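Structure data follow from run_32.tsv (TSV, C-alpha atoms and all ligand atoms):
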chain	number	residue	atom	x	y	z
A	2	MET	CA	-91.73	-12.02	8.68
A	3	SER	CA	-91.95	-10.32	5.28
A	4	THR	CA	-95.15	-8.74	4.06
A	5	ILE	CA	-96.76	-8.53	0.65
A	6	LYS	CA	-98.97	-5.50	0.35
A	7	VAL	CA	-101.93	-5.75	-2.02
A	8	ALA	CA	-104.92	-3.69	-3.16
A	9	ILE	CA	-108.21	-4.99	-4.54
A	10	LEU	CA	-109.97	-3.04	-7.31
A	11	GLY	CA	-113.68	-3.86	-7.28
A	12	PHE	CA	-115.57	-5.37	-4.38
A	13	GLY	CA	-118.47	-7.12	-6.07
A	14	THR	CA	-118.83	-10.89	-6.49
A	15	VAL	CA	-115.22	-11.49	-7.49
A	16	GLY	CA	-113.40	-8.81	-5.46
A	17	GLU	CA	-115.19	-9.89	-2.30
A	18	GLY	CA	-114.28	-13.50	-3.07
A	19	VAL	CA	-110.61	-12.55	-3.30
A	20	TYR	CA	-110.85	-10.72	0.03
A	21	ARG	CA	-112.57	-13.69	1.69
A	22	ILE	CA	-110.04	-16.25	0.48
A	23	LEU	CA	-107.04	-14.06	1.40
A	24	ASN	CA	-108.56	-13.65	4.86
A	25	GLU	CA	-109.65	-17.23	5.37
A	26	LYS	CA	-106.38	-18.68	4.06
A	27	LYS	CA	-104.08	-16.11	5.67
A	28	ASN	CA	-102.28	-18.70	7.78
A	29	GLU	CA	-101.97	-21.28	4.99
A	30	ILE	CA	-100.58	-18.62	2.64
A	31	LYS	CA	-98.07	-17.59	5.29
A	32	LEU	CA	-97.00	-21.20	5.82
A	33	GLN	CA	-96.84	-21.95	2.11
A	34	THR	CA	-95.07	-18.78	0.95
A	35	GLY	CA	-93.44	-17.34	4.04
A	36	TYR	CA	-95.27	-14.05	3.48
A	37	THR	CA	-97.92	-12.21	5.42
A	38	ILE	CA	-100.55	-10.66	3.17
A	39	GLU	CA	-101.61	-7.13	3.95
A	40	ILE	CA	-104.65	-5.80	2.08
A	41	SER	CA	-104.12	-2.06	2.24
A	42	SER	CA	-107.06	-0.73	0.25
A	43	ILE	CA	-110.14	-1.68	-1.75
A	44	VAL	CA	-111.25	0.55	-4.63
A	45	VAL	CA	-114.96	0.73	-5.48
A	46	ARG	CA	-117.25	3.05	-7.40
A	47	ASP	CA	-119.61	3.90	-4.55
A	48	VAL	CA	-118.08	4.10	-1.06
A	49	THR	CA	-121.50	4.53	0.58
A	50	LYS	CA	-122.74	1.03	-0.38
A	51	ASN	CA	-123.36	-1.50	2.40
A	52	ARG	CA	-120.64	-4.15	2.37
A	53	ILE	CA	-119.19	-6.87	4.55
A	54	GLU	CA	-116.86	-5.69	7.32
A	55	THR	CA	-113.24	-5.23	6.23
A	56	PRO	CA	-111.46	-4.13	9.40
A	57	GLY	CA	-108.35	-2.01	8.96
A	58	ILE	CA	-108.73	-1.71	5.18
A	59	LYS	CA	-109.30	1.60	3.48
A	60	ILE	CA	-112.35	1.57	1.19
A	61	THR	CA	-111.90	4.28	-1.42
A	62	ASP	CA	-113.25	5.45	-4.74
A	63	SER	CA	-109.89	6.89	-5.73
A	64	ILE	CA	-107.20	4.84	-7.44
A	65	GLN	CA	-104.76	7.54	-6.40
A	66	ASP	CA	-104.95	6.17	-2.86
A	67	VAL	CA	-103.45	2.95	-4.18
A	68	PHE	CA	-100.78	4.59	-6.31
A	69	ALA	CA	-99.84	6.99	-3.53
A	70	ASP	CA	-98.60	4.03	-1.49
A	71	PRO	CA	-95.08	3.17	-2.71
A	72	ASP	CA	-95.16	-0.22	-0.98
A	73	ILE	CA	-97.97	-1.85	-2.97
A	74	ASP	CA	-96.61	-5.08	-4.49
A	75	LEU	CA	-99.66	-6.38	-6.28
A	76	ILE	CA	-103.15	-5.38	-7.46
A	77	PHE	CA	-106.14	-7.69	-7.89
A	78	GLU	CA	-108.47	-6.14	-10.47
A	79	ALA	CA	-112.14	-7.18	-10.63
A	80	ILE	CA	-114.00	-4.13	-11.91
A	81	ILE	CA	-116.26	-3.81	-14.93
A	82	GLY	CA	-115.45	-2.88	-18.53
A	83	GLU	CA	-112.41	-1.84	-20.54
A	84	GLU	CA	-111.94	1.50	-18.83
A	85	PRO	CA	-110.76	2.61	-16.38
A	86	ALA	CA	-109.46	-0.94	-15.77
A	87	PHE	CA	-106.92	-0.83	-18.61
A	88	ALA	CA	-105.61	2.58	-17.58
A	89	TYR	CA	-105.30	1.45	-13.94
A	90	LEU	CA	-103.43	-1.75	-14.78
A	91	SER	CA	-101.17	-0.07	-17.30
A	92	LYS	CA	-100.22	2.54	-14.73
A	93	ALA	CA	-99.69	-0.15	-12.08
A	94	ILE	CA	-97.34	-2.07	-14.37
A	95	SER	CA	-95.43	1.10	-15.21
A	96	LYS	CA	-94.89	1.52	-11.47
A	97	GLY	CA	-93.56	-2.05	-11.17
A	98	ILE	CA	-96.71	-3.37	-9.46
A	99	ASN	CA	-97.73	-6.96	-10.31
A	100	VAL	CA	-101.33	-7.32	-11.50
A	101	ILE	CA	-103.95	-10.06	-11.53
A	102	THR	CA	-107.19	-9.52	-13.42
A	103	ALA	CA	-110.57	-11.22	-13.87
A	104	ASN	CA	-111.76	-8.58	-16.32
A	105	LYS	CA	-112.31	-10.40	-19.62
A	106	ALA	CA	-113.83	-7.47	-21.52
A	107	MET	CA	-110.73	-5.41	-20.78
A	108	PHE	CA	-108.26	-8.25	-21.25
A	109	ALA	CA	-109.63	-9.54	-24.59
A	110	LYS	CA	-108.90	-6.09	-26.05
A	111	HIS	CA	-105.89	-4.90	-24.08
A	112	GLY	CA	-104.33	-8.16	-22.86
A	113	PRO	CA	-101.67	-8.28	-25.60
A	114	ALA	CA	-100.51	-4.73	-24.78
A	115	LEU	CA	-100.52	-5.35	-21.04
A	116	ILE	CA	-98.57	-8.61	-21.40
A	117	LYS	CA	-95.95	-6.84	-23.52
A	118	GLN	CA	-95.73	-3.96	-21.08
A	119	ALA	CA	-95.39	-6.37	-18.15
A	120	GLU	CA	-92.59	-8.25	-19.92
A	121	ASN	CA	-90.74	-5.00	-20.57
A	122	GLN	CA	-91.11	-3.96	-16.94
A	123	ASN	CA	-90.26	-7.43	-15.58
A	124	VAL	CA	-93.60	-7.41	-13.80
A	125	GLN	CA	-95.95	-10.41	-13.49
A	126	ILE	CA	-99.47	-10.44	-14.88
A	127	GLY	CA	-102.09	-13.07	-14.00
A	128	PHE	CA	-105.26	-13.58	-16.04
A	129	GLU	CA	-106.41	-17.12	-15.24
A	130	ALA	CA	-109.77	-15.80	-13.98
A	131	THR	CA	-110.62	-14.06	-17.26
A	132	THR	CA	-111.37	-17.32	-19.03
A	133	ALA	CA	-113.56	-20.18	-17.80
A	134	GLY	CA	-113.42	-19.05	-14.14
A	135	GLY	CA	-112.19	-21.93	-12.02
A	136	VAL	CA	-111.05	-24.10	-14.93
A	137	PRO	CA	-107.25	-23.75	-15.04
A	138	ILE	CA	-107.05	-23.36	-18.81
A	139	ILE	CA	-104.48	-20.53	-18.87
A	140	ARG	CA	-101.94	-22.38	-16.72
A	141	THR	CA	-102.61	-25.60	-18.66
A	142	LEU	CA	-102.02	-23.87	-22.01
A	143	LYS	CA	-98.82	-22.25	-20.75
A	144	ASN	CA	-97.55	-25.66	-19.61
A	145	LEU	CA	-98.54	-27.37	-22.87
A	146	LEU	CA	-96.92	-24.68	-24.98
A	147	GLN	CA	-93.53	-25.32	-23.42
A	148	ALA	CA	-93.13	-28.53	-25.42
A	149	ASP	CA	-96.09	-28.79	-27.77
A	150	ARG	CA	-98.06	-26.83	-30.35
A	151	VAL	CA	-101.74	-26.06	-29.92
A	152	GLN	CA	-103.72	-26.63	-33.11
A	153	ARG	CA	-107.30	-26.07	-32.07
A	154	ILE	CA	-109.35	-25.01	-29.03
A	155	GLN	CA	-113.08	-25.65	-28.71
A	156	GLY	CA	-114.97	-24.66	-25.62
A	157	ILE	CA	-118.20	-24.13	-23.82
A	158	LEU	CA	-117.04	-20.80	-22.44
A	159	ASN	CA	-120.32	-19.34	-21.23
A	160	GLY	CA	-122.04	-21.14	-18.37
A	161	THR	CA	-125.26	-19.13	-18.70
A	162	SER	CA	-125.77	-20.29	-22.30
A	163	ASN	CA	-125.01	-23.87	-21.36
A	164	PHE	CA	-127.46	-23.73	-18.45
A	165	ILE	CA	-130.22	-22.40	-20.72
A	166	LEU	CA	-129.61	-25.01	-23.43
A	167	THR	CA	-129.58	-27.75	-20.78
A	168	LYS	CA	-132.88	-26.51	-19.26
A	169	MET	CA	-134.53	-26.27	-22.68
A	170	ARG	CA	-133.61	-29.88	-23.40
A	171	GLN	CA	-134.20	-31.45	-19.99
A	172	ASP	CA	-137.41	-29.59	-19.06
A	173	ASN	CA	-138.70	-29.00	-22.60
A	174	VAL	CA	-139.19	-25.27	-21.91
A	175	PRO	CA	-138.86	-22.26	-24.26
A	176	PHE	CA	-135.74	-20.10	-24.29
A	177	GLU	CA	-137.41	-17.27	-22.32
A	178	VAL	CA	-138.42	-19.60	-19.46
A	179	ALA	CA	-134.95	-21.12	-19.25
A	180	LEU	CA	-133.42	-17.61	-19.24
A	181	GLU	CA	-135.73	-16.52	-16.40
A	182	GLU	CA	-134.65	-19.55	-14.41
A	183	ALA	CA	-130.97	-18.74	-15.06
A	184	GLN	CA	-131.60	-15.22	-13.76
A	185	ALA	CA	-133.55	-16.47	-10.72
A	186	ASN	CA	-130.62	-18.77	-9.87
A	187	GLY	CA	-128.11	-15.95	-10.22
A	188	PHE	CA	-126.45	-17.57	-13.26
A	189	ALA	CA	-127.44	-14.78	-15.65
A	190	GLU	CA	-126.96	-11.03	-15.31
A	191	ALA	CA	-129.93	-8.64	-15.22
A	192	ASP	CA	-128.72	-7.69	-18.72
A	193	PRO	CA	-127.76	-11.10	-20.16
A	194	SER	CA	-127.16	-9.91	-23.75
A	195	ASP	CA	-123.38	-10.53	-23.81
A	196	ASP	CA	-123.91	-14.07	-22.51
A	197	ILE	CA	-126.80	-15.20	-24.69
A	198	GLY	CA	-125.58	-13.22	-27.71
A	199	GLY	CA	-122.16	-14.93	-27.72
A	200	LYS	CA	-120.00	-11.86	-27.03
A	201	ASP	CA	-118.77	-13.13	-23.66
A	202	ALA	CA	-117.62	-16.44	-25.16
A	203	PHE	CA	-116.01	-14.53	-28.05
A	204	ARG	CA	-113.91	-12.41	-25.65
A	205	LYS	CA	-112.64	-15.49	-23.85
A	206	LEU	CA	-111.84	-17.11	-27.18
A	207	MET	CA	-109.72	-14.09	-28.15
A	208	ILE	CA	-107.78	-14.38	-24.87
A	209	LEU	CA	-107.16	-18.08	-25.59
A	210	SER	CA	-106.15	-17.35	-29.19
A	211	ASP	CA	-103.61	-14.80	-28.08
A	212	LEU	CA	-102.07	-17.22	-25.62
A	213	ALA	CA	-102.18	-20.35	-27.79
A	214	PHE	CA	-101.24	-18.83	-31.16
A	215	GLY	CA	-99.50	-15.62	-30.16
A	216	ARG	CA	-102.14	-13.59	-31.97
A	217	GLN	CA	-105.85	-12.95	-32.29
A	218	PRO	CA	-107.82	-13.18	-35.53
A	219	ILE	CA	-109.33	-9.99	-36.90
A	220	TRP	CA	-112.36	-9.62	-34.65
A	221	GLU	CA	-114.72	-8.74	-37.50
A	222	ASP	CA	-113.83	-12.00	-39.29
A	223	ILE	CA	-115.30	-14.11	-36.50
A	224	GLN	CA	-118.94	-15.02	-36.89
A	225	ILE	CA	-120.59	-14.60	-33.49
A	226	ASN	CA	-123.96	-16.21	-32.88
A	227	GLY	CA	-125.72	-16.59	-29.57
A	228	ILE	CA	-128.30	-19.08	-28.36
A	229	ASP	CA	-131.15	-16.58	-28.44
A	230	LYS	CA	-132.44	-17.77	-31.84
A	231	ILE	CA	-132.82	-21.40	-30.78
A	232	HIS	CA	-136.46	-22.45	-30.56
A	233	SER	CA	-137.68	-25.18	-28.21
A	234	ASP	CA	-138.91	-27.12	-31.29
A	235	ASP	CA	-135.32	-27.14	-32.62
A	236	VAL	CA	-134.17	-28.64	-29.33
A	237	SER	CA	-136.92	-31.31	-29.39
A	238	VAL	CA	-136.06	-32.35	-32.95
A	239	ALA	CA	-132.36	-32.53	-32.05
A	240	THR	CA	-133.10	-34.61	-28.95
A	241	GLU	CA	-135.19	-37.08	-30.98
A	242	LYS	CA	-132.16	-37.55	-33.23
A	243	GLY	CA	-129.88	-38.10	-30.24
A	244	LEU	CA	-128.15	-34.73	-30.75
A	245	ARG	CA	-127.59	-31.79	-28.38
A	246	TYR	CA	-127.07	-28.09	-28.91
A	247	ARG	CA	-123.91	-26.72	-27.37
A	248	HIS	CA	-122.72	-23.13	-27.61
A	249	ILE	CA	-119.15	-23.63	-28.81
A	250	ALA	CA	-116.36	-21.14	-29.28
A	251	ASP	CA	-113.88	-22.66	-31.71
A	252	ILE	CA	-110.48	-21.44	-32.89
A	253	SER	CA	-107.74	-23.11	-34.91
A	254	ILE	CA	-104.63	-22.11	-36.77
A	255	ASP	CA	-103.76	-22.84	-40.39
A	256	GLU	CA	-100.38	-23.83	-41.85
A	257	ASN	CA	-99.52	-20.13	-42.34
A	258	GLY	CA	-100.10	-19.38	-38.68
A	259	ILE	CA	-103.38	-17.55	-39.29
A	260	PRO	CA	-106.05	-18.16	-36.65
A	261	SER	CA	-109.71	-18.43	-37.60
A	262	GLY	CA	-112.77	-19.46	-35.70
A	263	SER	CA	-116.43	-19.17	-34.89
A	264	VAL	CA	-118.73	-18.72	-31.92
A	265	GLY	CA	-122.22	-20.19	-31.95
A	266	PRO	CA	-124.59	-23.05	-31.31
A	267	VAL	CA	-123.54	-26.39	-32.77
A	268	LEU	CA	-125.37	-29.73	-32.85
A	269	ILE	CA	-123.21	-32.55	-31.54
A	270	GLY	CA	-123.63	-36.28	-31.01
A	271	PRO	CA	-122.69	-38.57	-28.11
A	272	GLU	CA	-119.20	-39.16	-29.53
A	273	HIS	CA	-118.28	-35.48	-28.96
A	274	PRO	CA	-116.41	-34.74	-25.67
A	275	LEU	CA	-118.73	-31.78	-24.93
A	276	TYR	CA	-121.95	-33.83	-25.30
A	277	GLY	CA	-122.22	-34.66	-21.58
A	278	VAL	CA	-121.34	-31.19	-20.24
A	279	ASP	CA	-124.60	-29.94	-18.74
A	280	GLY	CA	-125.62	-26.97	-16.57
A	281	VAL	CA	-123.43	-23.99	-15.77
A	282	ASP	CA	-120.12	-25.80	-16.25
A	283	ASN	CA	-117.53	-24.68	-18.76
A	284	ALA	CA	-115.47	-27.16	-20.77
A	285	ILE	CA	-112.52	-26.78	-23.10
A	286	ILE	CA	-110.91	-29.20	-25.54
A	287	VAL	CA	-107.33	-28.41	-26.49
A	288	ASP	CA	-105.93	-30.25	-29.53
A	289	THR	CA	-102.18	-30.33	-29.68
A	290	GLU	CA	-99.63	-31.73	-32.07
A	291	TYR	CA	-98.11	-34.29	-29.69
A	292	LEU	CA	-100.50	-34.79	-26.76
A	293	GLY	CA	-103.65	-35.08	-28.84
A	294	ALA	CA	-106.92	-33.87	-27.31
A	295	LEU	CA	-107.19	-32.77	-23.69
A	296	THR	CA	-110.54	-31.81	-22.15
A	297	LEU	CA	-110.96	-29.69	-19.02
A	298	ILE	CA	-114.37	-29.32	-17.35
A	299	GLY	CA	-115.39	-27.27	-14.32
A	300	PRO	CA	-117.17	-24.25	-12.85
A	301	GLY	CA	-116.77	-21.30	-15.18
A	302	ALA	CA	-117.93	-18.47	-12.93
A	303	GLY	CA	-119.08	-17.48	-9.45
A	304	MET	CA	-117.44	-15.90	-6.43
A	305	TYR	CA	-115.19	-18.70	-5.24
A	306	PRO	CA	-114.26	-20.41	-8.52
A	307	THR	CA	-113.24	-17.06	-10.04
A	308	ALA	CA	-111.53	-15.70	-6.94
A	309	SER	CA	-109.67	-18.98	-6.43
A	310	ALA	CA	-108.27	-18.66	-9.96
A	311	MET	CA	-106.95	-15.21	-8.96
A	312	ILE	CA	-105.44	-16.61	-5.76
A	313	SER	CA	-103.82	-19.36	-7.78
A	314	ASP	CA	-102.21	-16.66	-9.97
A	315	PHE	CA	-101.18	-14.88	-6.79
A	316	LEU	CA	-99.45	-17.94	-5.34
A	317	HIS	CA	-97.70	-18.49	-8.65
A	318	ILE	CA	-96.44	-14.91	-8.68
A	319	VAL	CA	-95.37	-15.06	-5.05
A	320	GLY	CA	-93.49	-18.24	-5.96
A	321	LYS	CA	-91.37	-16.03	-8.20
A	322	ARG	CA	-90.94	-13.51	-5.41
A	323	GLU	CA	-87.19	-13.35	-5.55
A	324	LYS	CA	-87.46	-11.88	-9.01
A	325	VAL	CA	-90.57	-9.79	-8.90
A	326	LEU	CA	-91.54	-8.82	-5.38
A	327	ILE	CA	-89.49	-6.69	-3.10
A	328	PRO	CA	-91.15	-7.28	0.25
A	329	SER	CA	-91.16	-4.60	2.89
B	401	LIG	N1	-118.89	-12.83	-11.52
B	401	LIG	C1	-118.19	-13.83	-12.11
B	401	LIG	O1	-118.48	-15.00	-11.92
B	401	LIG	C2	-117.02	-13.50	-12.99
B	401	LIG	C3	-116.28	-14.54	-13.56
B	401	LIG	C4	-115.15	-14.25	-14.32
B	401	LIG	C5	-114.79	-12.93	-14.54
B	401	LIG	N2	-115.57	-11.93	-14.01
B	401	LIG	C6	-115.15	-10.54	-14.25
B	401	LIG	O2	-114.74	-9.96	-13.02
B	401	LIG	C7	-115.06	-8.58	-12.99
B	401	LIG	C8	-115.92	-8.31	-11.78
B	401	LIG	O3	-117.11	-9.05	-11.86
B	401	LIG	P1	-118.16	-9.09	-10.66
B	401	LIG	O4	-119.13	-10.17	-11.01
B	401	LIG	O5	-117.44	-9.14	-9.36
B	401	LIG	O6	-118.86	-7.68	-10.84
B	401	LIG	P2	-119.75	-6.88	-9.77
B	401	LIG	O7	-120.29	-7.82	-8.76
B	401	LIG	O8	-120.68	-6.03	-10.54
B	401	LIG	O9	-118.69	-5.93	-9.02
B	401	LIG	C9	-117.97	-4.97	-9.70
B	401	LIG	C10	-117.19	-4.14	-8.71
B	401	LIG	O10	-116.38	-3.22	-9.42
B	401	LIG	C11	-116.58	-1.91	-8.87
B	401	LIG	N3	-116.42	-0.97	-9.97
B	401	LIG	C12	-117.07	-0.95	-11.14
B	401	LIG	N4	-116.61	0.06	-11.91
B	401	LIG	C13	-115.65	0.68	-11.18
B	401	LIG	C14	-114.80	1.79	-11.40
B	401	LIG	N5	-114.86	2.48	-12.53
B	401	LIG	N6	-113.91	2.12	-10.43
B	401	LIG	C15	-113.84	1.45	-9.28
B	401	LIG	N7	-114.63	0.37	-9.01
B	401	LIG	C16	-115.52	0.01	-9.95
B	401	LIG	C17	-117.98	-1.90	-8.30
B	401	LIG	O11	-118.07	-0.90	-7.30
B	401	LIG	P3	-119.41	-0.69	-6.43
B	401	LIG	O12	-119.46	-1.90	-5.53
B	401	LIG	O13	-119.21	0.56	-5.69
B	401	LIG	O14	-120.53	-0.65	-7.41
B	401	LIG	C18	-118.06	-3.34	-7.74
B	401	LIG	O15	-117.51	-3.39	-6.45
B	401	LIG	C19	-115.76	-8.27	-14.32
B	401	LIG	O16	-114.84	-7.72	-15.21
B	401	LIG	C20	-116.24	-9.64	-14.79
B	401	LIG	O17	-116.33	-9.75	-16.19
B	401	LIG	C21	-116.65	-12.19	-13.24
Any chance you could put this one into structure tokens?
Ligand SMILES: NC(=O)c1ccc[n+]([C@@H]2O[C@H](COP(=O)([O-])OP(=O)(O)OC[C@H]3O[C@@H](n4cnc5c(N)ncnc54)[C@H](OP(=O)(O)O)[C@@H]3O)[C@@H](O)[C@H]2O)c1
Amino acid sequence: MSTIKVAILGFGTVGEGVYRILNEKKNEIKLQTGYTIEISSIVVRDVTKNRIETPGIKITDSIQDVFADPDIDLIFEAIIGEEPAFAYLSKAISKGINVITANKAMFAKHGPALIKQAENQNVQIGFEATTAGGVPIIRTLKNLLQADRVQRIQGILNGTSNFILTKMRQDNVPFEVALEEAQANGFAEADPSDDIGGKDAFRKLMILSDLAFGRQPIWEDIQINGIDKIHSDDVSVATEKGLRYRHIADISIDENGIPSGSVGPVLIGPEHPLYGVDGVDNAIIVDTEYLGALTLIGPGAGMYPTASAMISDFLHIVGKREKVLIPS
């Protein structure tokens, strides 16, 4: 039986989720693909931290341990920030190693370069998990683009913001109380500024723009607003009028092929497809030339939704194994 050897970079919420699914679904993956998965190493920042048992797997704080192994076929990357993630993935691709990432901050900025590099190297790159977690928007866009043209994408791309807006409306509480509840439930980070300030949704929008339109707008041209300026009185007045605040990231392309967009709170009525999307869910409307409008809704974050998006990329890449993987 052939083996696919992988490494996992990062062993927090997402990296551990990848490990768990690969372990739990070992037999199914073998049946489905014909390959045995071997996780050779896990790279973390602090090797002394208490973690779940990972028998037979080297836990290291050195990426060199991964690159020193000439048999690594694929890397799952779930670490934090642009660097060293970009440098690690770029080096992996240059060595012919397939990569799958969940790292949206890194991918929004460096995705176009990594995709180009991967194409040149005939290496596969998966990034489904960077945008809307478990909602399969990347695969859906790739499929749509084969025979159609995307004109506009609007999305609730940050579950934390949507949870807070939902709480403010349903429980009539101020922003700060709703944020505390999001943090208590594990939906918001200890430092939630990227979520509530709109930056997280902006990054995902840039990844979608690149895929849908082949380019990103100039970042500085995009107005980014968060939900942090919305007062509970604003929400009450909106509710009385039958309207709801949604934090919407919106991008479209003009007749000259120039993308433009915005990120911020928008008041919408019951006729809008995002009106009923409450809680931590993400939702995305894709408008295309021929299909019309398609809406996807689902869990946008969390261990299993995000890790399952990475495993879905993995199975897709393994499906192309004749071309891209040379099993040991
Ligand atoms: N959580 C989600 O629901 C979600 C959803 C979509 C995308 N993402 C993205 O997925 C990535 C991981 O998120 P997470 O929630 O799993 O984060 P996390 O729980 O904070 O875990 C991050 C992991 O990365 C490791 N790490 C950080 N910097 C490193 C470095 N320089 N070298 C080696 N390892 C490093 C940490 O090591 P230590 O354990 O030693 O600290 C930790 O294991 C992020 O880019 C995030 O934006 C997350």
| task | Select, from A:Arg204, A:Lys143, A:Lys6, A:Arg170, the residue with the minimum atom-to-atom distance to ligand LIG 401 (chain B), counting only C-alpha atoms and all ligand atoms. | result |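 Of A:Arg204, A:Lys143, A:Lys6, A:Arg170, the one nearest ligand LIG 401 (chain B), counting only C-alpha atoms and all ligand atoms, is A:Arg204.
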Go through chain A and flag each residue having an atom no more than 9 Å from ligand LIG 401 (chain B); for those, report the closest pair of atoms plus their distance in Å to one decimal, using only C-alpha atoms and all ligand atoms, ordered by chain and rising number, as CSV.
residue,atom,partner,partner_atom,distance
A:Leu10,CA,B:LIG401,N7,6.0
A:Gly11,CA,B:LIG401,O10,3.5
A:Phe12,CA,B:LIG401,O15,3.5
A:Gly13,CA,B:LIG401,O9,3.2
A:Thr14,CA,B:LIG401,O5,3.6
A:Val15,CA,B:LIG401,O5,3.7
A:Gly16,CA,B:LIG401,O5,5.6
A:Glu17,CA,B:LIG401,O5,7.4
A:Gly18,CA,B:LIG401,O5,8.3
A:Ile43,CA,B:LIG401,N7,8.8
A:Val44,CA,B:LIG401,C15,5.4
A:Val45,CA,B:LIG401,N7,3.6
A:Arg46,CA,B:LIG401,O13,3.6
A:Asp47,CA,B:LIG401,O13,3.6
A:Val48,CA,B:LIG401,O13,5.9
A:Thr49,CA,B:LIG401,O13,7.8
A:Lys50,CA,B:LIG401,O13,6.4
A:Asn51,CA,B:LIG401,O12,8.8
A:Arg52,CA,B:LIG401,O12,8.3
A:Thr61,CA,B:LIG401,C15,8.6
A:Asp62,CA,B:LIG401,C15,6.1
A:Ser63,CA,B:LIG401,C15,7.6
A:Ile64,CA,B:LIG401,C15,7.7
A:Glu78,CA,B:LIG401,C7,7.5
A:Ala79,CA,B:LIG401,C7,4.0
A:Ile80,CA,B:LIG401,O10,3.6
A:Ile81,CA,B:LIG401,O16,4.2
A:Gly82,CA,B:LIG401,O16,5.9
A:Glu83,CA,B:LIG401,O16,8.3
A:Glu84,CA,B:LIG401,N5,7.0
A:Pro85,CA,B:LIG401,N5,5.6
A:Ala86,CA,B:LIG401,N5,7.2
A:Thr102,CA,B:LIG401,O2,7.6
A:Ala103,CA,B:LIG401,O2,4.4
A:Asn104,CA,B:LIG401,O16,3.4
A:Lys105,CA,B:LIG401,O17,5.3
A:Ala106,CA,B:LIG401,O17,6.3
A:Met107,CA,B:LIG401,O16,7.3
A:Phe108,CA,B:LIG401,O16,8.9
A:Ala130,CA,B:LIG401,C4,5.6
A:Thr131,CA,B:LIG401,C5,5.1
A:Thr132,CA,B:LIG401,C4,6.8
A:Ala133,CA,B:LIG401,C4,7.1
A:Gly134,CA,B:LIG401,C4,5.1
A:Gly135,CA,B:LIG401,C4,8.5
A:Phe188,CA,B:LIG401,O1,8.5
A:Glu190,CA,B:LIG401,O4,9.0
A:Asp201,CA,B:LIG401,O17,8.6
A:Gly301,CA,B:LIG401,C3,7.0
A:Ala302,CA,B:LIG401,O1,3.7
A:Gly303,CA,B:LIG401,O1,3.6
A:Met304,CA,B:LIG401,O1,5.7
A:Tyr305,CA,B:LIG401,O1,8.3
A:Pro306,CA,B:LIG401,O1,7.7
A:Thr307,CA,B:LIG401,C3,5.3
A:Ala308,CA,B:LIG401,C3,8.2
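Ranking A:Lys242, A:Lys31, A:Lys92, A:Lys205 by their shortest atom-to-atom distance to Val124 of chain A, with only C-alpha atoms included, puts A:Lys92 first.
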| said: One decimal, in Å: what's the spacing between atom CA of Ile101 of chain A and atom CA of Tyr20 of chain A? | reply: 13.5 Å
| query | When distances are computed from only C-alpha atoms, which of A:Ile157, A:Ala148, A:Ala239, A:Ile223 shows the smallest separation from Met207 of chain A? | reply |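 Closest to Met207 of chain A, using only C-alpha atoms: A:Ile223.
Separating atom CA of Leu115 of chain A from atom CA of Ser91 of chain A is a distance of 6.5 Å.
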| task | With all atoms listed in the file counted, which protein, DNA or RNA residues have an atom no more than 12 Å from (-92.8, 2.3, -13.1) in the file frame? Please answer as a PyMOL selection string. | result | chain A and resi 68+71+74+90-99+118-119+121-124
| task | Do a neighbour search on Gly215 of chain A at 10 Å with only C-alpha atoms, toss out local chain neighbours closer than 4 positions, and write the hits as a list in words. | result | Pro113, Ile208, Leu209, Ser210, Asp211, Gly258 and Pro260 of chain A
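You will find atom CA of Glu29 of chain A at 22.6 Å from atom CA of Phe128 of chain A.
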| request: Go through A:Lys110, A:Gly127, A:Gln184, A:Asn28 and flag the residue nearest Ile312 of chain A, using all atoms listed in the file for the distances. | output: A:Gly127
So that I can see what lies close to segment 224-237 of chain A, please list as a PDB file with C-alpha atoms, in the coordinates of the input the residues with an atom at most 8 Å from it, counting all atoms listed in the file and leaving out residues fewer than 6 positions away in the same chain.
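See around.pdb below for the written result:
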ATOM      1  CA  SER A 162    -125.770 -20.290 -22.300  1.00  0.00           C
ATOM      2  CA  LEU A 166    -129.610 -25.010 -23.430  1.00  0.00           C
ATOM      3  CA  MET A 169    -134.530 -26.270 -22.680  1.00  0.00           C
ATOM      4  CA  ARG A 170    -133.610 -29.880 -23.400  1.00  0.00           C
ATOM      5  CA  ASN A 173    -138.700 -29.000 -22.600  1.00  0.00           C
ATOM      6  CA  VAL A 174    -139.190 -25.270 -21.910  1.00  0.00           C
ATOM      7  CA  PRO A 175    -138.860 -22.260 -24.260  1.00  0.00           C
ATOM      8  CA  PHE A 176    -135.740 -20.100 -24.290  1.00  0.00           C
ATOM      9  CA  ASP A 196    -123.910 -14.070 -22.510  1.00  0.00           C
ATOM     10  CA  ILE A 197    -126.800 -15.200 -24.690  1.00  0.00           C
ATOM     11  CA  GLY A 198    -125.580 -13.220 -27.710  1.00  0.00           C
ATOM     12  CA  GLY A 199    -122.160 -14.930 -27.720  1.00  0.00           C
ATOM     13  CA  LYS A 200    -120.000 -11.860 -27.030  1.00  0.00           C
ATOM     14  CA  PHE A 203    -116.010 -14.530 -28.050  1.00  0.00           C
ATOM     15  CA  ARG A 245    -127.590 -31.790 -28.380  1.00  0.00           C
ATOM     16  CA  TYR A 246    -127.070 -28.090 -28.910  1.00  0.00           C
ATOM     17  CA  HIS A 248    -122.720 -23.130 -27.610  1.00  0.00           C
ATOM     18  CA  GLY A 262    -112.770 -19.460 -35.700  1.00  0.00           C
ATOM     19  CA  SER A 263    -116.430 -19.170 -34.890  1.00  0.00           C
ATOM     20  CA  VAL A 264    -118.730 -18.720 -31.920  1.00  0.00           C
ATOM     21  CA  GLY A 265    -122.220 -20.190 -31.950  1.00  0.00           C
ATOM     22  CA  PRO A 266    -124.590 -23.050 -31.310  1.00  0.00           C
TER      23      PRO A 266
END
